[in-house]
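Asker: For reference, the file target32.cif (mmCIF, C-alpha atoms) is included below:
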```cif
data_entry
loop_
_atom_site.label_atom_id
_atom_site.label_comp_id
_atom_site.auth_asym_id
_atom_site.auth_seq_id
_atom_site.Cartn_x
_atom_site.Cartn_y
_atom_site.Cartn_z
CA MET A 23 0.00 0.00 0.00
CA ILE A 24 2.83 2.32 0.90
CA ASP A 25 4.48 1.62 -2.43
CA ARG A 26 1.55 3.10 -4.29
CA GLU A 27 1.79 6.37 -2.42
CA LEU A 28 3.62 9.47 -3.58
CA PRO A 29 7.00 9.89 -1.93
CA VAL A 30 6.95 12.22 1.07
CA THR A 31 9.20 15.30 0.81
CA GLU A 32 10.93 17.14 3.64
CA ASP A 33 8.68 20.13 2.99
CA GLU A 34 5.72 17.86 3.63
CA LEU A 35 7.20 16.70 6.91
CA HIS A 36 7.41 20.33 8.07
CA ALA A 37 3.87 20.94 6.85
CA TYR A 38 2.82 17.82 8.76
CA VAL A 39 4.31 19.17 12.00
CA ASP A 40 2.73 22.59 11.43
CA GLY A 41 -0.70 21.34 10.41
CA GLU A 42 -0.31 22.76 6.91
CA LEU A 43 -0.86 19.59 4.88
CA PRO A 44 -3.81 19.62 2.50
CA ALA A 45 -6.82 17.56 3.58
CA GLY A 46 -6.33 13.86 2.98
CA ARG A 47 -2.56 13.92 2.91
CA LYS A 48 -2.11 13.79 6.68
CA GLU A 49 -3.14 10.13 6.98
CA ALA A 50 -0.84 9.18 4.13
CA VAL A 51 2.13 10.88 5.81
CA THR A 52 1.28 9.30 9.18
CA ALA A 53 1.28 5.89 7.53
CA TRP A 54 4.53 6.63 5.69
CA LEU A 55 6.22 7.73 8.94
CA ALA A 56 5.23 4.45 10.60
CA ALA A 57 7.34 2.69 8.00
CA HIS A 58 10.25 5.18 8.12
CA PRO A 59 11.58 5.36 11.70
CA GLU A 60 14.47 7.71 10.85
CA GLN A 61 12.17 10.40 9.45
CA ALA A 62 9.68 9.73 12.25
CA ALA A 63 12.45 10.54 14.76
CA LEU A 64 13.17 13.78 12.91
CA VAL A 65 9.51 14.77 13.02
CA ALA A 66 9.38 13.93 16.73
CA ALA A 67 12.44 16.13 17.35
CA TRP A 68 10.82 19.06 15.55
CA GLN A 69 7.63 18.56 17.52
CA ALA A 70 9.64 18.51 20.75
CA GLN A 71 11.32 21.80 19.77
CA ALA A 72 7.95 23.41 19.14
CA ASP A 73 6.64 22.10 22.48
CA ALA A 74 9.71 23.46 24.29
CA ILE A 75 9.27 26.89 22.70
CA ARG A 76 5.59 26.99 23.61
CA ALA A 77 6.27 25.75 27.13
CA HIS A 78 8.94 28.37 27.68
CA TYR A 79 7.21 31.43 26.21
CA GLY A 80 3.54 30.55 26.03
CA ALA A 81 2.73 31.91 29.50
CA VAL A 82 3.98 35.42 28.60
CA ALA A 83 0.62 36.08 26.93
CA GLN A 84 -1.13 35.47 30.27
CA GLU A 85 1.05 37.86 32.29
CA PRO A 86 -0.66 41.07 33.42
CA LEU A 87 0.21 44.02 31.17
CA PRO A 88 2.65 46.60 32.54
CA ALA A 89 1.16 50.13 32.72
CA ARG A 90 3.11 51.40 29.73
CA LEU A 91 1.54 48.79 27.50
CA LYS A 92 -2.03 49.68 28.46
CA LEU A 93 -3.52 50.97 25.25
CA ASP A 94 -5.09 54.09 26.82
CA ARG A 95 -1.68 55.22 27.87
CA VAL A 96 -0.06 54.40 24.54
CA ILE A 97 -2.81 56.41 22.84
CA ARG A 98 -2.15 59.43 25.05
CA THR A 99 1.60 59.29 24.42
CA SER A 100 1.16 58.87 20.70
CA ARG A 101 -1.35 61.75 20.55
CA ALA A 102 1.17 64.12 22.11
CA ALA A 103 3.59 63.32 19.29
CA GLY A 104 0.73 63.53 16.79
CA ARG A 105 -0.06 67.03 18.02
CA ARG A 106 3.51 68.12 17.36
CA TRP A 107 3.10 66.89 13.80
CA GLN A 108 -0.26 68.60 13.41
CA ALA A 109 1.19 71.88 14.63
CA MET A 110 3.99 71.48 12.07
CA ALA A 111 1.55 70.59 9.30
CA ALA A 112 -0.70 73.53 10.15
CA ALA A 113 2.32 75.81 10.04
CA ALA A 114 3.17 74.32 6.64
CA ALA A 115 -0.22 75.39 5.32
CA VAL A 116 0.49 78.94 6.48
CA ALA A 117 3.98 78.87 4.97
CA VAL A 118 2.63 77.79 1.57
CA PHE A 119 0.22 80.66 1.67
CA MET A 120 3.03 83.02 2.48
CA ILE A 121 5.30 81.71 -0.28
CA GLY A 122 2.42 82.08 -2.72
CA GLY A 123 1.70 85.54 -1.37
CA ALA A 124 5.34 86.53 -1.46
CA THR A 125 5.69 85.43 -5.09
CA GLY A 126 2.70 87.52 -6.00
CA TRP A 127 4.09 90.41 -4.08
CA MET A 128 7.53 89.95 -5.63
CA ALA A 129 6.01 89.83 -9.08
CA ARG A 130 4.37 93.13 -8.44
CA GLY A 131 7.47 94.36 -6.66
CA ALA A 132 9.66 93.47 -9.63
CA SER A 133 7.66 95.69 -11.90
CA ALA A 134 8.15 98.43 -9.33
CA SER A 135 11.89 97.51 -9.40
CA ALA A 136 12.11 96.67 -5.67
CA PRO A 137 15.30 94.75 -4.73
CA ALA A 138 14.70 91.01 -4.45
CA PRO A 139 15.53 89.64 -0.98
CA ALA A 140 18.45 87.21 -0.73
CA PRO A 141 17.20 83.60 -0.82
CA SER A 142 16.76 82.13 2.65
CA VAL A 143 18.37 78.89 3.81
CA PHE A 144 14.99 77.28 3.22
CA GLU A 145 14.84 78.45 -0.38
CA ARG A 146 18.42 77.47 -1.22
CA PHE A 147 18.09 74.14 0.49
CA THR A 148 14.79 73.25 -1.11
CA ALA A 149 16.03 74.34 -4.53
CA GLU A 150 19.08 72.06 -4.22
CA ALA A 151 16.97 69.18 -2.96
CA LEU A 152 14.44 69.47 -5.77
CA GLU A 153 17.27 69.72 -8.28
CA ALA A 154 18.78 66.49 -6.90
CA TYR A 155 15.35 64.87 -6.92
CA ARG A 156 14.73 65.76 -10.59
CA LEU A 157 18.21 64.64 -11.54
CA TYR A 158 18.29 61.25 -9.86
CA VAL A 159 14.68 60.16 -9.70
CA VAL A 160 14.67 59.42 -13.45
CA GLU A 161 17.91 57.47 -13.18
CA VAL A 162 17.24 53.80 -13.80
CA ARG A 163 20.63 52.12 -13.49
CA HIS A 164 22.54 54.36 -11.08
CA PRO A 165 20.07 56.24 -8.91
CA VAL A 166 22.26 55.82 -5.83
CA GLU A 167 25.89 55.29 -4.86
CA VAL A 168 25.22 52.83 -2.04
CA PRO A 169 22.31 50.38 -2.32
CA GLY A 170 19.70 50.16 0.44
CA SER A 171 20.88 46.64 1.24
CA GLU A 172 24.04 48.21 2.70
CA ARG A 173 22.17 50.41 5.12
CA LYS A 174 24.67 49.89 7.92
CA HIS A 175 27.68 50.84 5.82
CA MET A 176 25.79 53.81 4.35
CA THR A 177 24.82 55.07 7.81
CA GLN A 178 28.42 54.95 8.98
CA TRP A 179 29.81 56.54 5.85
CA LEU A 180 27.33 59.41 5.62
CA SER A 181 27.39 60.05 9.39
CA LYS A 182 31.13 60.55 9.05
CA ARG A 183 30.90 62.77 5.99
CA LEU A 184 28.05 64.93 7.29
CA GLY A 185 29.37 65.18 10.81
CA TYR A 186 26.26 63.98 12.60
CA GLU A 187 24.55 60.66 13.24
CA GLN A 188 22.41 59.70 10.25
CA ARG A 189 19.06 58.06 10.89
CA ILE A 190 17.82 56.40 7.76
CA PRO A 191 14.08 55.93 8.24
CA ASP A 192 12.39 52.59 7.65
CA LEU A 193 9.41 53.28 5.37
CA GLN A 194 8.41 49.65 4.77
CA PRO A 195 5.24 50.13 6.87
CA ILE A 196 4.02 52.68 4.31
CA GLY A 197 5.12 50.55 1.38
CA LEU A 198 8.38 52.27 0.47
CA ARG A 199 11.63 50.39 0.02
CA LEU A 200 15.00 52.06 0.58
CA VAL A 201 16.73 52.18 -2.83
CA GLY A 202 19.88 53.64 -1.33
CA GLY A 203 21.72 56.88 -0.87
CA ARG A 204 24.47 59.16 -2.10
CA LEU A 205 26.63 62.03 -0.98
CA LEU A 206 25.92 65.39 -2.60
CA PRO A 207 27.23 68.93 -2.32
CA GLY A 208 24.79 71.13 -0.42
CA PRO A 209 24.42 74.83 0.25
CA THR A 210 26.09 74.45 3.63
CA GLY A 211 28.55 71.60 2.96
CA ALA A 212 28.07 67.87 2.43
CA ALA A 213 24.49 66.66 2.09
CA ALA A 214 23.05 63.15 2.22
CA PHE A 215 20.45 62.02 -0.27
CA TYR A 216 18.28 58.93 0.33
CA MET A 217 15.90 57.46 -2.18
CA TYR A 218 12.82 55.31 -1.55
CA GLU A 219 10.62 53.53 -4.03
CA GLY A 220 7.02 52.33 -3.84
CA ALA A 221 5.52 49.23 -5.44
CA SER A 222 4.31 51.23 -8.43
CA GLY A 223 7.71 52.85 -8.96
CA GLU A 224 6.94 56.21 -7.35
CA ARG A 225 10.09 57.64 -5.80
CA PHE A 226 10.61 59.85 -2.80
CA THR A 227 13.86 61.35 -1.61
CA ILE A 228 15.23 62.79 1.61
CA TYR A 229 17.91 65.46 1.31
CA CYS A 230 19.54 66.46 4.57
CA ALA A 231 22.57 68.27 5.91
CA ARG A 232 23.88 69.96 8.97
CA VAL A 233 22.72 73.58 9.31
CA GLU A 234 23.10 76.23 11.96
CA THR A 235 19.58 77.60 11.54
CA PRO A 236 17.15 77.42 14.45
CA GLU A 237 14.31 74.89 14.39
CA THR A 238 11.68 75.75 11.86
CA ALA A 239 8.14 74.71 11.19
CA LEU A 240 7.37 72.46 8.28
CA ARG A 241 7.19 74.25 4.94
CA PHE A 242 5.78 73.10 1.66
CA LYS A 243 6.89 73.97 -1.85
CA GLU A 244 5.23 72.71 -4.97
CA GLY A 245 6.53 72.76 -8.52
CA GLU A 246 4.93 71.46 -11.68
CA ARG A 247 5.88 67.85 -11.27
CA ALA A 248 7.64 67.67 -7.92
CA ALA A 249 6.90 68.95 -4.46
CA ALA A 250 8.85 69.16 -1.24
CA PHE A 251 8.44 69.52 2.49
CA TYR A 252 11.23 71.25 4.38
CA TRP A 253 11.97 71.51 8.06
CA ALA A 254 14.95 72.08 10.31
CA GLY A 255 15.62 70.85 13.80
CA ASP A 256 18.45 69.33 15.82
CA ASN A 257 21.03 71.29 13.79
CA ALA A 258 20.00 69.55 10.62
CA ALA A 259 17.70 70.48 7.79
CA TYR A 260 15.56 68.02 5.84
CA VAL A 261 13.79 68.18 2.52
CA VAL A 262 11.43 65.37 1.55
CA SER A 263 10.69 65.47 -2.17
CA GLY A 264 8.29 63.46 -4.28
CA PRO A 265 5.71 63.60 -7.03
CA ALA A 266 3.44 66.66 -6.80
CA ASN A 267 0.71 65.02 -4.76
CA ARG A 268 0.53 66.89 -1.51
CA GLU A 269 -1.57 64.35 0.37
CA ARG A 270 0.75 61.43 -0.39
CA LEU A 271 3.86 63.50 0.22
CA GLU A 272 2.47 64.59 3.56
CA THR A 273 1.92 60.95 4.60
CA VAL A 274 5.50 60.09 3.65
CA THR A 275 6.92 63.19 5.34
CA LYS A 276 4.92 62.44 8.47
CA ALA A 277 6.38 58.92 8.69
CA ILE A 278 9.90 60.30 8.22
CA TYR A 279 9.39 63.16 10.64
CA GLU A 280 8.08 60.87 13.35
CA GLN A 281 11.05 58.54 13.08
CA MET A 282 13.50 61.43 13.20
CA ASP A 283 11.58 62.88 16.14
CA ALA A 284 11.54 59.55 18.00
CA GLY A 285 15.24 58.97 17.29
CA ALA A 286 16.15 62.44 18.52
CA LYS A 287 14.31 61.86 21.79
CA LYS A 288 16.05 58.55 22.39
CA SER A 289 19.58 59.74 21.79
CA MET B 14 -12.65 53.03 22.18
CA ALA B 15 -12.88 52.72 18.41
CA THR B 16 -13.02 49.28 16.79
CA PHE B 17 -9.53 49.65 15.36
CA GLN B 18 -8.11 50.44 18.78
CA LYS B 19 -9.98 47.54 20.36
CA ASP B 20 -8.59 45.23 17.70
CA VAL B 21 -5.07 46.55 18.28
CA GLU B 22 -5.51 46.07 22.02
CA SER B 23 -6.49 42.44 21.57
CA THR B 24 -3.14 41.69 19.90
CA ILE B 25 -0.99 42.95 22.80
CA PRO B 26 -0.62 39.68 24.79
CA ALA B 27 0.45 37.73 21.70
CA LEU B 28 2.83 40.50 20.62
CA ARG B 29 4.48 40.38 24.04
CA ARG B 30 4.94 36.64 23.77
CA TYR B 31 6.48 36.91 20.30
CA ALA B 32 8.71 39.81 21.34
CA ARG B 33 9.90 37.97 24.46
CA ALA B 34 10.94 34.96 22.43
CA LEU B 35 12.54 37.16 19.76
CA THR B 36 14.63 39.21 22.18
CA ARG B 37 14.83 36.85 25.18
CA ASP B 38 14.72 39.96 27.40
CA ALA B 39 11.53 41.15 29.09
CA ASP B 40 12.33 44.89 29.05
CA ILE B 41 13.57 45.03 25.49
CA ALA B 42 10.54 42.97 24.46
CA ASP B 43 8.08 45.38 26.07
CA ASP B 44 9.92 48.35 24.50
CA LEU B 45 9.40 46.71 21.13
CA VAL B 46 5.72 46.11 21.81
CA GLN B 47 5.25 49.71 22.94
CA ASP B 48 6.94 51.05 19.79
CA THR B 49 4.83 48.68 17.69
CA LEU B 50 1.61 49.97 19.27
CA VAL B 51 2.59 53.61 18.76
CA ARG B 52 3.51 52.91 15.14
CA ALA B 53 0.25 51.05 14.52
CA LEU B 54 -1.94 53.75 16.07
CA ARG B 55 -0.24 56.46 14.06
CA SER B 56 -0.48 54.46 10.88
CA GLU B 57 -4.14 53.50 11.19
CA HIS B 58 -4.87 55.25 7.90
CA LEU B 59 -2.37 52.93 6.20
CA PHE B 60 -4.08 49.77 7.36
CA HIS B 61 -6.26 48.68 4.47
CA GLY B 62 -8.23 45.93 6.14
CA GLY B 63 -6.96 42.37 6.02
CA GLU B 64 -5.44 40.55 8.97
CA LEU B 65 -4.66 43.10 11.67
CA ARG B 66 -2.68 40.48 13.57
CA SER B 67 -0.30 39.89 10.63
CA TRP B 68 0.11 43.64 10.20
CA MET B 69 1.08 44.03 13.87
CA TYR B 70 3.58 41.16 13.61
CA THR B 71 5.03 42.81 10.50
CA ILE B 72 5.58 46.11 12.30
CA LEU B 73 7.16 44.39 15.30
CA THR B 74 9.41 42.22 13.12
CA ASN B 75 10.64 45.28 11.19
CA LEU B 76 11.25 47.29 14.35
CA ASN B 77 13.24 44.43 15.80
CA ARG B 78 15.32 44.25 12.62
CA ASN B 79 16.13 47.96 12.99
CA ARG B 80 17.03 47.36 16.62
CA LEU B 81 19.44 44.56 15.74
CA ARG B 82 21.00 46.74 13.05
CA SER B 83 21.65 49.56 15.46
CA LEU B 84 23.10 47.06 17.97
CA ALA B 85 25.43 45.83 15.26
CA ARG B 86 26.65 49.39 14.78
CA ARG B 87 27.96 49.42 18.34
CA PRO B 88 31.02 47.19 18.33
CA ALA B 89 31.36 47.25 22.13
CA MET B 90 28.14 45.34 22.66
CA SER B 91 28.66 41.74 23.61
CA SER B 92 27.17 39.23 21.26
CA ILE B 93 23.69 37.95 22.06
CA ASP B 94 24.85 34.58 20.83
CA ASP B 95 25.74 32.19 23.55
CA ASN B 96 27.91 29.35 22.43
CA ASP B 97 28.06 27.60 25.79
CA ALA B 98 27.27 23.94 25.75
CA PRO B 99 23.66 23.23 26.66
CA ASP B 100 22.87 22.58 30.31
CA LEU B 101 22.19 18.97 30.96
CA ALA B 102 20.55 19.22 34.38
CA GLY B 103 18.31 21.37 36.52
CA PRO B 104 14.60 22.14 36.39
CA GLU B 105 15.03 25.16 34.10
CA ALA B 106 17.48 23.37 31.85
CA GLY B 107 15.00 22.67 29.06
CA GLY B 108 13.87 26.31 28.94
CA ARG B 109 17.39 27.71 28.95
CA ASP B 110 18.42 25.27 26.26
CA ILE B 111 15.70 26.32 23.89
CA GLU B 112 16.46 29.97 24.66
CA ARG B 113 20.11 29.50 23.77
CA ALA B 114 19.26 27.44 20.76
CA LEU B 115 17.02 30.26 19.48
CA ALA B 116 19.86 32.71 20.04
CA THR B 117 22.06 30.81 17.59
CA LEU B 118 19.58 31.25 14.74
CA VAL B 119 19.85 33.75 11.92
CA GLU B 120 17.25 36.47 12.48
CA ASP B 121 14.95 35.61 9.56
CA GLN B 122 14.93 31.94 10.53
CA ARG B 123 14.12 32.76 14.14
CA ASN B 124 11.28 35.06 13.06
CA ALA B 125 9.82 32.40 10.77
CA LEU B 126 10.04 29.59 13.33
CA LEU B 127 8.51 31.64 16.16
CA LEU B 128 5.69 32.98 14.01
CA VAL B 129 4.77 29.42 13.04
CA VAL B 130 5.21 27.41 16.23
CA LEU B 131 4.62 30.04 18.92
CA GLU B 132 2.17 32.39 17.23
CA GLY B 133 0.40 29.82 15.10
CA LEU B 134 0.57 31.78 11.86
CA SER B 135 0.06 29.92 8.62
CA TYR B 136 2.93 29.70 6.13
CA ARG B 137 1.03 32.15 3.93
CA GLU B 138 0.74 34.68 6.77
CA VAL B 139 4.43 34.37 7.62
CA ALA B 140 5.28 34.93 3.94
CA GLU B 141 3.27 38.17 4.12
CA VAL B 142 4.93 39.29 7.34
CA GLN B 143 8.40 38.60 5.96
CA GLY B 144 7.61 39.83 2.47
CA VAL B 145 8.98 36.67 0.82
CA PRO B 146 7.53 33.69 -1.11
CA ILE B 147 6.18 30.72 0.86
CA GLY B 148 9.08 28.57 -0.38
CA THR B 149 11.52 30.92 1.35
CA VAL B 150 9.55 30.66 4.60
CA MET B 151 9.74 26.88 4.38
CA SER B 152 13.48 26.84 3.80
CA ARG B 153 13.96 29.22 6.75
CA LEU B 154 11.90 26.88 8.91
CA ALA B 155 13.87 23.85 7.77
CA ARG B 156 17.21 25.53 8.51
CA ALA B 157 16.01 26.77 11.88
CA ARG B 158 14.89 23.30 12.89
CA ALA B 159 18.08 21.67 11.70
CA GLN B 160 20.20 24.22 13.58
CA ILE B 161 18.25 23.83 16.83
CA LYS B 162 18.45 20.07 16.58
CA THR B 163 22.23 20.19 16.12
CA TYR B 164 22.54 22.59 19.04
CA LEU B 165 20.38 20.60 21.42
CA GLU B 166 22.15 17.39 20.56
CA GLY B 167 25.25 18.99 21.98
CA GLY B 168 27.07 19.42 18.72
CA ARG B 169 28.93 22.64 18.16
CA PRO B 170 26.57 25.16 16.62
CA THR B 171 27.19 25.32 12.92
CA LEU B 172 28.60 28.55 11.59
CA ARG B 173 25.98 31.10 10.74
CA ARG B 174 25.42 31.24 7.06
CA VAL B 175 25.41 34.81 5.85
CA LYS B 176 22.89 35.17 3.08
#
```
Would you write the structure of this file as structure tokens?
Answerer:
Amino acid sequence: MIDRELPVTEDELHAYVDGELPAGRKEAVTAWLAAHPEQAALVAAWQAQADAIRAHYGAVAQEPLPARLKLDRVIRTSRAAGRRWQAMAAAAAVAVFMIGGATGWMARGASASAPAPAPSVFERFTAEALEAYRLYVVEVRHPVEVPGSERKHMTQWLSKRLGYEQRIPDLQPIGLRLVGGRLLPGPTGAAAFYMYEGASGERFTIYCARVETPETALRFKEGERAAAFYWAGDNAAYVVSGPANRERLETVTKAIYEQMDAGAKKS
Amino acid sequence: MATFQKDVESTIPALRRYARALTRDADIADDLVQDTLVRALRSEHLFHGGELRSWMYTILTNLNRNRLRSLARRPAMSSIDDNDAPDLAGPEAGGRDIERALATLVEDQRNALLLVVLEGLSYREVAEVQGVPIGTVMSRLARARAQIKTYLEGGRPTLRRVK
């Protein structure tokens, strides 16, 4: 009877232990094991491992929750951070209005031959970042110098070159993979440039460098095809650039901002 | 409390169990769970239905990966691997053995094994959490089991294979 059965593979033995065999196959494997003591011993060893793991850790789920893991408290803590973001985002809305207003004013001013003000750190920084975005986002074969798979090496290298600890955000939870990064010249010295890519090929970049400017609120700048959010804090300035879709860019910026914010509080 | 929050709350005990086995340290484990909860609550708008449990495991697994990476950046940290021979006696011996055996595993293999045997996830769910095909999950499971078996049988732990 056993001879007529399909041979049992090692994958099937794992599936047998984990209850993943398709209906009807379980009996066949049980019968096969009865005739193959060596494999039966292997299966028994795997089952014993699983039992040991469950015996050792299973009870953790029954332990009373410590206060900091009570959801009410986690919600309160996370809201406080959320409020900081909302304040920043609200300020960004005001800043956009002001940039728009200023352009209008400058257009009128130009006709009245008023002197144009020197570009601010924000303007220079954002211009450089958007330039880098436009330049590298279309690059298919060499968008970055160091691939995202070498995150550790890249962190060390760019931390050294920029003179402050780089935190390269993990954007997997919002569906963006780290393509990698490169070193670029910036308005105030070396700048780091990180690129992320979504499943549909959309690309977002972070451009950051050390700056001496005080902390600023979040600001938004939109071009024809690309848009950017800028902020400064912790002696560093950041520009997150992406396709001109403010809502999506805001989601991405929020995720990045929160990780930078959390990292800054820990260190 | 909103439904989403209630659902998140119901995953906490299992997340703690998974985190404890992943890190083998109660404080670090609870830190991970706390960070996972904060991340999940903030990212509610990114959760497009589906298995909330798998989504929570995904966040925790990724956060733990980041944690291990930042540990690796600090050369002074002592290795979490413990190559001592397994204890052969004592009431806690079995527990300590399995703990040490887990410590010798490559991270992805440990994640896969714990999600299957401790958390009861299906192969398909683990594939989603790890973002790999089911075949990869199965080979990680097979390697994890072979490594633990070698370790528990008192053989020297095999060298970690770097993928």
Asker: Give the residues of chain B that lie within 9 Å of chain A; count only C-alpha atoms, and format the answer as JSON, numbers by chain.
Answerer: {"B": [14, 18, 19, 21, 22, 25, 26, 27, 28, 29, 30, 31, 33, 34, 43, 44, 46, 47, 50, 51, 52, 54, 55, 56, 59, 68, 71, 72, 75, 76, 79, 82, 83, 85, 86, 107, 108, 109, 111, 112, 126, 127, 129, 130, 131, 133, 135, 136, 151, 152, 154, 155, 158, 159, 161, 162]}
Asker: For this file, the PyMOL selection byres ((chain A and resi 215) around 7) selects which residues, as a ChimeraX atom specification?
Answerer: /A:203-206,213-214,216-217,227-230
Asker: Could those residues be written to a file, using C-alpha atoms, as a CSV table (one decimal), in the frame of the given file?
Answerer:
```csv
chain,number,residue,atom,x,y,z
A,203,GLY,CA,21.7,56.9,-0.9
A,204,ARG,CA,24.5,59.2,-2.1
A,205,LEU,CA,26.6,62.0,-1.0
A,206,LEU,CA,25.9,65.4,-2.6
A,213,ALA,CA,24.5,66.7,2.1
A,214,ALA,CA,23.0,63.2,2.2
A,216,TYR,CA,18.3,58.9,0.3
A,217,MET,CA,15.9,57.5,-2.2
A,227,THR,CA,13.9,61.4,-1.6
A,228,ILE,CA,15.2,62.8,1.6
A,229,TYR,CA,17.9,65.5,1.3
A,230,CYS,CA,19.5,66.5,4.6
```
Asker: Report, as lines of an AutoDock Vina configuration file, the centre and edge lengths in Å (one decimal) of the axis-aligned box enclosing every listed atom of range 53-63 of chain B, padded by 5 Å on each side.
Answerer:
```
center_x = -4.0
center_y = 49.4
center_z = 10.3
size_x = 18.5
size_y = 24.1
size_z = 21.6
```
Asker: Kindly resolve the PyMOL selection byres ((chain A and resi 267) around 9) on the present coordinates and return the residues as a list of chain:residue names.
Answerer: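 Those residues are A:Glu244, A:Arg247, A:Ala248, A:Ala249, A:Gly264, A:Pro265, A:Ala266, A:Arg268, A:Glu269, A:Arg270, A:Leu271, A:Glu272.
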Asker: Can you tell me how far CA of Gly63 in chain B sits from CA of Arg137 in chain B, in Å to one decimal?
Answerer: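 Separation between CA of Gly63 in chain B and CA of Arg137 in chain B: 13.1 Å.
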Asker: Report the distance between CA of Leu240 in chain A and CA of Val261 in chain A in Å, rounded to one decimal place.
Answerer: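 According to the coordinates, CA of Leu240 in chain A and CA of Val261 in chain A are separated by 9.6 Å.
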Asker: Quick one, how far is CA of Glu64 in chain B from CA of Glu132 in chain B?
Answerer: 13.9 Å
Asker: Counting only C-alpha atoms, which of B:Glu120, B:Ala157, B:Gln143, B:Thr74 gets nearest to Ala42 in chain B?
Answerer: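 Of all the options, B:Thr74 lies closest to Ala42 in chain B.
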Asker: Name all residues at most 7 Å from range 44-61 of chain A (count only C-alpha atoms; drop same-chain ones fewer than 3 positions away) and give them as a ChimeraX atom specification.
Answerer: /A:24,30,38,64-65
Asker: Quick one: of B:Arg80, B:Arg156, B:His58, B:Arg37, who's nearest to Leu118 in chain B, counting all atoms listed in the file?
Answerer: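 Ranking B:Arg80, B:Arg156, B:His58, B:Arg37 by distance to Leu118 in chain B, first place goes to B:Arg156.
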Asker: Using all atoms listed in the file, which residue out of A:Glu161, A:Ala259, A:Thr275, A:Arg146 lies closest to Phe242 in chain A?
Answerer: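 Using all atoms listed in the file, Phe242 in chain A sits closest to A:Thr275.
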Asker: Missing atoms in range 252-267 of chain A should be modelled up to N, CA and C atoms and reported as a compact mmCIF listing (two decimals), in the frame of the given file.
Answerer:
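File part.txt, as written:
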```
# COMPACT_ATOMS: atom_id res chain seq x y z
N TYR A 252 9.95 70.89 3.76
CA TYR A 252 11.23 71.25 4.38
C TYR A 252 11.02 71.50 5.86
N TRP A 253 11.95 71.08 6.68
CA TRP A 253 11.97 71.51 8.06
C TRP A 253 13.40 71.44 8.59
N ALA A 254 13.64 72.14 9.67
CA ALA A 254 14.95 72.08 10.31
C ALA A 254 14.75 71.85 11.80
N GLY A 255 15.67 71.14 12.37
CA GLY A 255 15.62 70.85 13.80
C GLY A 255 16.83 70.06 14.16
N ASP A 256 17.30 70.14 15.41
CA ASP A 256 18.45 69.33 15.82
C ASP A 256 19.70 69.65 15.02
N ASN A 257 19.87 70.89 14.59
CA ASN A 257 21.03 71.29 13.79
C ASN A 257 21.13 70.60 12.45
N ALA A 258 20.00 70.13 11.95
CA ALA A 258 20.00 69.55 10.62
C ALA A 258 18.75 70.02 9.89
N ALA A 259 18.86 70.11 8.58
CA ALA A 259 17.70 70.48 7.79
C ALA A 259 17.33 69.31 6.89
N TYR A 260 16.05 69.14 6.63
CA TYR A 260 15.56 68.02 5.84
C TYR A 260 14.63 68.51 4.75
N VAL A 261 14.76 67.92 3.58
CA VAL A 261 13.79 68.18 2.52
C VAL A 261 13.31 66.83 2.01
N VAL A 262 12.02 66.60 2.10
CA VAL A 262 11.43 65.37 1.55
C VAL A 262 10.77 65.75 0.23
N SER A 263 11.24 65.14 -0.86
CA SER A 263 10.69 65.47 -2.17
C SER A 263 9.99 64.27 -2.78
N GLY A 264 9.01 64.54 -3.62
CA GLY A 264 8.29 63.46 -4.28
C GLY A 264 7.41 64.03 -5.36
N PRO A 265 6.63 63.13 -6.00
CA PRO A 265 5.71 63.60 -7.03
C PRO A 265 4.76 64.65 -6.44
N ALA A 266 4.29 65.57 -7.29
CA ALA A 266 3.44 66.66 -6.80
C ALA A 266 2.04 66.17 -6.42
N ASN A 267 1.98 65.48 -5.30
CA ASN A 267 0.71 65.02 -4.76
C ASN A 267 0.81 65.29 -3.27
```
